[in-house]
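Beneath this line is the structure, given in structure tokens, with notes to follow.
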Amino acid sequence: MKEIPEENRPYEKCLKFGVEALTDEELLAILLRSGSKEHSALELAYQVLHLSKENQGLQSIYHLSVQQLKSIHGIGAVKAIQLKCMGEISKRIAVNVAAKGISFDCPASIAKYYMEQLRHEEQEHLLCMMLDCKNHRLGEELIFKGTVNASYVSPREIFLSAMSYHAVGILLVHNHPSGDPSPSQADIQVTKKIQTAGILLDIPLIDHIIIGDCQYISFRERGLIET
């Protein structure tokens, strides 16, 4: 980065103005530490942020594989793994922060807790939370991974898990990789199927929350589940 004026170099800029003053490229350049013979760390950072046509910016690191990152000349296995670890660290920080304020009586709080965990997934994940009589979480199980469909989701497996936790209620959470949390007809069918089974077993379905990209919907808030 010798050709860049000293006051505009990421390290120097950070020391002088604080980390908040850095652009996404500059933050990434500091983590990369060095460039290649052909490209500076800033240029490598730019290539990383624009490698994916579908997802650009820092969030694209969640979706890029190690092999994709290594396709950039100047980024080897070590740098690629460091970048993937950076993405995972940021996700875990967000989850830990959200966990401190989670309330299982509040759909927005639940959605915030699961947002970073699920919104970057490229497949649908259906999770079931087991709740006690005070709506405290007893445990959580991954019920299904793939396209959520009433033909594939078994209420039997869900309620066997619920009974193993001695749960008195359950809560479903799943993601839409498209980013749009609007419930599909399949989502509604799955929810009705599980709700009916819960009524019969006296383990009610409290809510079904669908996670999109920084947005969510709650079946309970929309009146699609009677409580």
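Residues in the structure tokens are named by chain (A, B, ... in the order shown) and by number from 1 within that chain; ligands are numbered from 1 in the order shown.
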
Next on the checklist: List as number ranges by chain the protein and nucleic acid residues near Gly74 (chain A), meaning an atom at most 8 Å away when only C-alpha atoms are counted, but skip any in the same chain fewer than 3 places from it.
Outcome noted: A: 35-37, 39, 44, 70

Take the residues from that selection and write them out as a compact mmCIF listing (two decimals), in the first residue's frame, keeping all heavy atoms.
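See part_39.txt below for the written result:
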```txt
# COMPACT_ATOMS: atom_id res chain seq x y z
N GLY A 35 -1.20 -8.06 0.79
CA GLY A 35 -1.71 -8.38 -0.53
C GLY A 35 -0.83 -9.38 -1.24
O GLY A 35 -0.15 -10.19 -0.61
N SER A 36 -0.83 -9.32 -2.56
CA SER A 36 0.03 -10.18 -3.38
C SER A 36 0.95 -9.28 -4.19
O SER A 36 0.93 -8.05 -4.04
CB SER A 36 -0.83 -11.03 -4.31
OG SER A 36 -1.55 -10.20 -5.22
N LYS A 37 1.75 -9.88 -5.04
CA LYS A 37 2.64 -9.08 -5.88
C LYS A 37 1.85 -8.18 -6.82
O LYS A 37 2.27 -7.07 -7.14
CB LYS A 37 3.55 -10.00 -6.70
CG LYS A 37 4.60 -10.72 -5.85
CD LYS A 37 5.50 -11.59 -6.72
CE LYS A 37 6.54 -12.30 -5.88
NZ LYS A 37 7.43 -13.18 -6.70
N HIS A 39 -1.59 -7.34 -6.38
CA HIS A 39 -2.68 -6.58 -5.78
C HIS A 39 -2.40 -6.24 -4.32
O HIS A 39 -1.87 -7.06 -3.57
CB HIS A 39 -3.99 -7.36 -5.86
CG HIS A 39 -4.40 -7.73 -7.25
ND1 HIS A 39 -4.85 -6.79 -8.16
CD2 HIS A 39 -4.41 -8.93 -7.89
CE1 HIS A 39 -5.13 -7.40 -9.30
NE2 HIS A 39 -4.87 -8.69 -9.18
N LEU A 44 -7.48 -6.77 -2.90
CA LEU A 44 -7.97 -8.12 -2.60
C LEU A 44 -9.30 -8.04 -1.87
O LEU A 44 -10.22 -8.82 -2.14
CB LEU A 44 -6.95 -8.89 -1.76
CG LEU A 44 -5.67 -9.36 -2.44
CD1 LEU A 44 -4.81 -10.14 -1.45
CD2 LEU A 44 -5.97 -10.22 -3.67
N LYS A 70 -10.46 -18.88 -2.51
CA LYS A 70 -9.12 -19.21 -3.02
C LYS A 70 -8.99 -18.95 -4.52
O LYS A 70 -7.88 -18.91 -5.05
CB LYS A 70 -8.79 -20.67 -2.71
CG LYS A 70 -8.43 -20.93 -1.24
CD LYS A 70 -8.32 -22.42 -0.95
CE LYS A 70 -7.20 -23.06 -1.74
NZ LYS A 70 -7.09 -24.52 -1.43
```

Checklist entry - Got a sec to tell me which of region 147-222 of chain A DSSP assigns to strand (DSSP E), as a PyMOL selection string? => result chain A and resi 169-175+205-211+216-218

Residues as selected, N, CA and C atoms, written as a short mmCIF file (atom, residue, chain, number, x, y, z; two decimals), in the first residue's frame, can you do that?
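Printed below is selection-v9.cif as written:
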```cif
data_model
loop_
_atom_site.label_atom_id
_atom_site.label_comp_id
_atom_site.auth_asym_id
_atom_site.auth_seq_id
_atom_site.Cartn_x
_atom_site.Cartn_y
_atom_site.Cartn_z
N GLY A 169 -45.35 -27.03 25.84
CA GLY A 169 -45.65 -26.25 24.66
C GLY A 169 -44.47 -26.30 23.71
N ILE A 170 -44.70 -26.07 22.43
CA ILE A 170 -43.61 -26.03 21.45
C ILE A 170 -43.73 -24.77 20.61
N LEU A 171 -42.63 -24.40 20.00
CA LEU A 171 -42.58 -23.21 19.15
C LEU A 171 -41.71 -23.54 17.94
N LEU A 172 -42.21 -23.32 16.75
CA LEU A 172 -41.48 -23.61 15.52
C LEU A 172 -40.81 -22.36 14.97
N VAL A 173 -39.61 -22.53 14.44
CA VAL A 173 -38.91 -21.45 13.75
C VAL A 173 -38.29 -22.04 12.49
N HIS A 174 -38.52 -21.39 11.36
CA HIS A 174 -37.78 -21.82 10.17
C HIS A 174 -37.49 -20.62 9.28
N ASN A 175 -36.58 -20.81 8.35
CA ASN A 175 -36.09 -19.71 7.51
C ASN A 175 -36.54 -19.88 6.06
N LEU A 205 -49.02 -25.82 20.11
CA LEU A 205 -48.08 -25.04 19.30
C LEU A 205 -48.29 -23.57 19.64
N ILE A 206 -47.30 -22.95 20.25
CA ILE A 206 -47.42 -21.56 20.72
C ILE A 206 -47.31 -20.57 19.56
N ASP A 207 -46.39 -20.85 18.62
CA ASP A 207 -46.19 -19.94 17.49
C ASP A 207 -45.35 -20.65 16.45
N HIS A 208 -45.39 -20.12 15.24
CA HIS A 208 -44.50 -20.54 14.16
C HIS A 208 -43.95 -19.26 13.56
N ILE A 209 -42.65 -19.09 13.66
CA ILE A 209 -41.99 -17.86 13.19
C ILE A 209 -41.14 -18.19 11.97
N ILE A 210 -41.33 -17.42 10.91
CA ILE A 210 -40.54 -17.59 9.69
C ILE A 210 -39.55 -16.44 9.59
N ILE A 211 -38.28 -16.80 9.43
CA ILE A 211 -37.19 -15.83 9.34
C ILE A 211 -36.86 -15.54 7.88
N TYR A 216 -39.28 -10.88 9.59
CA TYR A 216 -39.89 -12.14 10.02
C TYR A 216 -41.40 -12.00 10.00
N ILE A 217 -42.08 -13.15 10.08
CA ILE A 217 -43.52 -13.12 10.34
C ILE A 217 -43.80 -14.12 11.46
N SER A 218 -44.81 -13.80 12.25
CA SER A 218 -45.25 -14.67 13.33
C SER A 218 -46.68 -15.11 13.04
#
```

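Using only C-alpha atoms for every distance, the candidate list A:Val153, A:Leu200, A:Ala108, A:Leu224 yields A:Val153 as the residue closest to Ala186 (chain A).
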
Item to check | Selection near region 21-34 of chain A, 7 Å with only C-alpha atoms, sequence-local residues under 3 positions removed, as a list of chain:residue names | outcome: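 Surrounding residues, per the criterion: A:Pro10, A:Tyr11, A:Cys14, A:Phe17, A:Gly18, A:Ser40, A:Ala41, A:Leu42, A:Ala45, A:Tyr46, A:Leu58, A:Lys79.
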
Next on the checklist: Which residues are near Leu131 (chain A)? Cut-off 6 Å, only C-alpha atoms, ignore same chain within fewer than 4 positions. Put them as a PyMOL selection string.
Outcome noted: chain A and resi 135-138+167+169-170

Output N, CA and C atoms for every residue in that selection, as an mmCIF file, in the first residue's frame.
```
data_model
loop_
_atom_site.group_PDB
_atom_site.id
_atom_site.type_symbol
_atom_site.label_atom_id
_atom_site.label_comp_id
_atom_site.auth_asym_id
_atom_site.auth_seq_id
_atom_site.Cartn_x
_atom_site.Cartn_y
_atom_site.Cartn_z
ATOM 1 N N ASN A 135 -43.020 -20.731 29.706
ATOM 2 C CA ASN A 135 -42.448 -20.378 28.400
ATOM 3 C C ASN A 135 -40.934 -20.178 28.445
ATOM 4 N N HIS A 136 -40.260 -20.929 29.316
ATOM 5 C CA HIS A 136 -38.811 -20.977 29.305
ATOM 6 C C HIS A 136 -38.378 -22.118 28.385
ATOM 7 N N ARG A 137 -37.283 -21.932 27.686
ATOM 8 C CA ARG A 137 -36.834 -22.950 26.741
ATOM 9 C C ARG A 137 -36.172 -24.112 27.470
ATOM 10 N N LEU A 138 -36.665 -25.320 27.195
ATOM 11 C CA LEU A 138 -36.077 -26.532 27.764
ATOM 12 C C LEU A 138 -35.025 -27.118 26.829
ATOM 13 N N ALA A 167 -41.972 -31.187 27.744
ATOM 14 C CA ALA A 167 -42.442 -29.855 27.332
ATOM 15 C C ALA A 167 -43.953 -29.749 27.485
ATOM 16 N N GLY A 169 -45.347 -27.034 25.844
ATOM 17 C CA GLY A 169 -45.652 -26.253 24.655
ATOM 18 C C GLY A 169 -44.466 -26.304 23.708
ATOM 19 N N ILE A 170 -44.704 -26.068 22.425
ATOM 20 C CA ILE A 170 -43.615 -26.029 21.450
ATOM 21 C C ILE A 170 -43.733 -24.771 20.606
#
```

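Across A:Cys85, A:Leu142, A:Ile188, A:Val48, the tightest approach to Ser71 (chain A) is made by A:Val48 when counting only C-alpha atoms.
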
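From CA of Leu51 (chain A) back to CA of Leu69 (chain A), the distance works out to 8.0 Å.
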
Next on the checklist: If DSSP is run on the backbone, what residues of region 87-139 of chain A are alpha helix (DSSP H)? A reply as number ranges by chain would be ideal.
Outcome noted: A: 87-100, 107-118

Please write the residues from the selection above to a file, keeping N, CA and C atoms, as a short mmCIF file (atom, residue, chain, number, x, y, z; two decimals), in the first residue's frame.
```
data_model
loop_
_atom_site.label_atom_id
_atom_site.label_comp_id
_atom_site.auth_asym_id
_atom_site.auth_seq_id
_atom_site.Cartn_x
_atom_site.Cartn_y
_atom_site.Cartn_z
N GLY A 87 -16.42 -14.38 9.52
CA GLY A 87 -17.87 -14.41 9.32
C GLY A 87 -18.57 -15.16 10.44
N GLU A 88 -18.00 -16.28 10.85
CA GLU A 88 -18.60 -17.07 11.91
C GLU A 88 -18.55 -16.35 13.25
N ILE A 89 -17.45 -15.65 13.53
CA ILE A 89 -17.33 -14.88 14.77
C ILE A 89 -18.41 -13.80 14.83
N SER A 90 -18.60 -13.09 13.72
CA SER A 90 -19.60 -12.01 13.70
C SER A 90 -21.00 -12.57 13.92
N LYS A 91 -21.27 -13.76 13.35
CA LYS A 91 -22.58 -14.39 13.53
C LYS A 91 -22.78 -14.77 14.99
N ARG A 92 -21.75 -15.35 15.61
CA ARG A 92 -21.89 -15.80 17.01
C ARG A 92 -22.02 -14.61 17.97
N ILE A 93 -21.34 -13.51 17.66
CA ILE A 93 -21.49 -12.31 18.49
C ILE A 93 -22.94 -11.83 18.44
N ALA A 94 -23.51 -11.78 17.22
CA ALA A 94 -24.89 -11.33 17.06
C ALA A 94 -25.86 -12.24 17.82
N VAL A 95 -25.63 -13.56 17.76
CA VAL A 95 -26.49 -14.51 18.45
C VAL A 95 -26.38 -14.33 19.97
N ASN A 96 -25.15 -14.16 20.46
CA ASN A 96 -24.95 -13.99 21.91
C ASN A 96 -25.59 -12.71 22.43
N VAL A 97 -25.50 -11.64 21.65
CA VAL A 97 -26.12 -10.37 22.05
C VAL A 97 -27.64 -10.53 22.10
N ALA A 98 -28.20 -11.19 21.07
CA ALA A 98 -29.65 -11.39 21.02
C ALA A 98 -30.13 -12.30 22.14
N ALA A 99 -29.30 -13.26 22.55
CA ALA A 99 -29.69 -14.22 23.59
C ALA A 99 -29.97 -13.54 24.92
N LYS A 100 -29.28 -12.44 25.18
CA LYS A 100 -29.45 -11.75 26.46
C LYS A 100 -30.83 -11.13 26.60
N PRO A 107 -42.54 -12.58 19.88
CA PRO A 107 -42.05 -13.05 18.58
C PRO A 107 -40.87 -12.25 18.04
N ALA A 108 -40.87 -10.93 18.24
CA ALA A 108 -39.77 -10.10 17.74
C ALA A 108 -38.46 -10.48 18.41
N SER A 109 -38.52 -10.79 19.70
CA SER A 109 -37.33 -11.18 20.45
C SER A 109 -36.80 -12.53 19.96
N ILE A 110 -37.71 -13.47 19.69
CA ILE A 110 -37.31 -14.78 19.19
C ILE A 110 -36.69 -14.64 17.80
N ALA A 111 -37.33 -13.84 16.95
CA ALA A 111 -36.82 -13.63 15.59
C ALA A 111 -35.43 -13.00 15.62
N LYS A 112 -35.21 -12.07 16.52
CA LYS A 112 -33.91 -11.43 16.63
C LYS A 112 -32.84 -12.43 17.03
N TYR A 113 -33.20 -13.34 17.93
CA TYR A 113 -32.26 -14.36 18.40
C TYR A 113 -31.83 -15.29 17.26
N TYR A 114 -32.79 -15.68 16.41
CA TYR A 114 -32.49 -16.65 15.36
C TYR A 114 -32.08 -16.01 14.03
N MET A 115 -32.19 -14.69 13.93
CA MET A 115 -31.97 -14.01 12.65
C MET A 115 -30.59 -14.32 12.05
N GLU A 116 -29.52 -14.07 12.80
CA GLU A 116 -28.18 -14.28 12.24
C GLU A 116 -27.87 -15.76 12.06
N GLN A 117 -28.48 -16.58 12.86
CA GLN A 117 -28.25 -18.02 12.76
C GLN A 117 -28.86 -18.60 11.49
N LEU A 118 -30.01 -18.04 11.06
CA LEU A 118 -30.77 -18.66 9.98
C LEU A 118 -30.83 -17.88 8.68
#
```

Checklist entry - Separation of CA of Ile102 (chain A) and CA of Glu121 (chain A), in Å? => result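 For CA of Ile102 (chain A) relative to CA of Glu121 (chain A), the distance reads 21.3 Å.
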
Next on the checklist: I'd like the neighbourhood of Asp180 (chain A) as an MDAnalysis selection string, where a residue qualifies if any of its atoms comes within 8 Å (using only C-alpha atoms), though same-chain residues fewer than 3 positions away should be ignored.
Outcome noted: chainID A and resid 176:177 212:213 215

Write out the residues from the selection above, keeping N, CA, C and O atoms, as an mmCIF file, in the first residue's frame.
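Here's the written file result.cif:
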```
data_model
loop_
_atom_site.group_PDB
_atom_site.id
_atom_site.type_symbol
_atom_site.label_atom_id
_atom_site.label_comp_id
_atom_site.auth_asym_id
_atom_site.auth_seq_id
_atom_site.Cartn_x
_atom_site.Cartn_y
_atom_site.Cartn_z
ATOM 1 N N HIS A 176 -36.601 -18.756 5.370
ATOM 2 C CA HIS A 176 -36.822 -18.749 3.929
ATOM 3 C C HIS A 176 -35.559 -18.197 3.270
ATOM 4 O O HIS A 176 -35.266 -17.001 3.386
ATOM 5 N N PRO A 177 -34.780 -19.028 2.586
ATOM 6 C CA PRO A 177 -33.546 -18.555 1.939
ATOM 7 C C PRO A 177 -33.767 -17.420 0.943
ATOM 8 O O PRO A 177 -32.851 -16.643 0.667
ATOM 9 N N GLY A 212 -36.845 -14.268 7.517
ATOM 10 C CA GLY A 212 -36.386 -13.856 6.193
ATOM 11 C C GLY A 212 -35.069 -13.112 6.336
ATOM 12 O O GLY A 212 -34.313 -13.345 7.276
ATOM 13 N N ASP A 213 -34.790 -12.220 5.425
ATOM 14 C CA ASP A 213 -33.559 -11.422 5.500
ATOM 15 C C ASP A 213 -33.863 -10.127 6.255
ATOM 16 O O ASP A 213 -34.447 -9.196 5.703
ATOM 17 N N GLN A 215 -36.097 -9.678 8.415
ATOM 18 C CA GLN A 215 -37.534 -9.527 8.634
ATOM 19 C C GLN A 215 -38.109 -10.889 9.011
ATOM 20 O O GLN A 215 -37.480 -11.920 8.779
#
```

Item to check | All residues 10 Å or closer to Ile158 (chain A), only C-alpha atoms, same chain fewer than 3 positions away omitted, as a list of chain:residue names | outcome: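 Near neighbours after the sequence-gap exclusion: A:Leu127, A:Cys128, A:Met129, A:Met130, A:Glu141, A:Leu142, A:Ile143, A:Phe144, A:Val153, A:Ser154, A:Pro155, A:Ser161, A:Ala162, A:Met163, A:Ile170, A:Leu172, A:Ile194, A:Ala197, A:Gly198.
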
Please dump the current selection as a CSV table (one decimal), in the first residue's frame; keep N, CA and C atoms.
```
chain,number,residue,atom,x,y,z
A,127,LEU,N,-36.8,-25.6,13.0
A,127,LEU,CA,-36.4,-25.9,14.4
A,127,LEU,C,-37.6,-25.9,15.3
A,128,CYS,N,-37.5,-26.7,16.3
A,128,CYS,CA,-38.6,-26.8,17.3
A,128,CYS,C,-38.0,-26.5,18.7
A,129,MET,N,-38.6,-25.5,19.3
A,129,MET,CA,-38.2,-25.2,20.7
A,129,MET,C,-39.2,-25.8,21.7
A,130,MET,N,-38.7,-26.5,22.7
A,130,MET,CA,-39.5,-27.1,23.7
A,130,MET,C,-39.6,-26.1,24.9
A,141,GLU,N,-34.5,-28.7,18.9
A,141,GLU,CA,-34.2,-29.8,18.0
A,141,GLU,C,-34.4,-29.3,16.5
A,142,LEU,N,-33.4,-29.7,15.7
A,142,LEU,CA,-33.5,-29.5,14.2
A,142,LEU,C,-34.4,-30.6,13.7
A,143,ILE,N,-35.6,-30.2,13.3
A,143,ILE,CA,-36.6,-31.2,12.8
A,143,ILE,C,-36.4,-31.6,11.4
A,144,PHE,N,-36.1,-30.6,10.6
A,144,PHE,CA,-36.0,-30.9,9.1
A,144,PHE,C,-35.1,-29.9,8.5
A,153,VAL,N,-42.6,-33.5,6.9
A,153,VAL,CA,-42.4,-33.1,8.4
A,153,VAL,C,-43.4,-34.0,9.2
A,154,SER,N,-42.8,-34.7,10.1
A,154,SER,CA,-43.6,-35.7,10.9
A,154,SER,C,-43.9,-35.1,12.3
A,155,PRO,N,-45.2,-34.9,12.5
A,155,PRO,CA,-45.6,-34.4,13.9
A,155,PRO,C,-45.2,-35.5,14.9
A,161,SER,N,-40.0,-35.8,20.6
A,161,SER,CA,-39.0,-34.9,21.2
A,161,SER,C,-39.5,-34.1,22.3
A,162,ALA,N,-40.7,-33.5,22.0
A,162,ALA,CA,-41.3,-32.6,23.1
A,162,ALA,C,-41.6,-33.4,24.4
A,163,MET,N,-42.0,-34.6,24.2
A,163,MET,CA,-42.3,-35.4,25.5
A,163,MET,C,-41.0,-35.8,26.2
A,170,ILE,N,-44.7,-26.1,22.4
A,170,ILE,CA,-43.6,-26.0,21.5
A,170,ILE,C,-43.7,-24.8,20.6
A,172,LEU,N,-42.2,-23.3,16.7
A,172,LEU,CA,-41.5,-23.6,15.5
A,172,LEU,C,-40.8,-22.4,15.0
A,194,ILE,N,-49.3,-29.7,12.6
A,194,ILE,CA,-48.7,-29.8,13.9
A,194,ILE,C,-49.6,-29.2,15.0
A,197,ALA,N,-52.2,-31.8,16.0
A,197,ALA,CA,-51.6,-32.9,16.8
A,197,ALA,C,-51.3,-32.4,18.2
A,198,GLY,N,-50.8,-31.1,18.3
A,198,GLY,CA,-50.5,-30.6,19.6
A,198,GLY,C,-51.8,-30.4,20.5
```

Checklist entry - Of the candidates A:Thr147, A:Gln47, A:Ser65, A:Thr196, which one gets nearest to Gln123 (chain A) if we count only C-alpha atoms? => result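 Looking only at the distances to Gln123 (chain A), the closest residue turns out to be A:Thr147.
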
Checklist entry - Between CA of Pro181 (chain A) and CA of Phe104 (chain A), what is the spacing in Å? => result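 Interatomic distance, CA of Phe104 (chain A) to CA of Pro181 (chain A): 19.3 Å.
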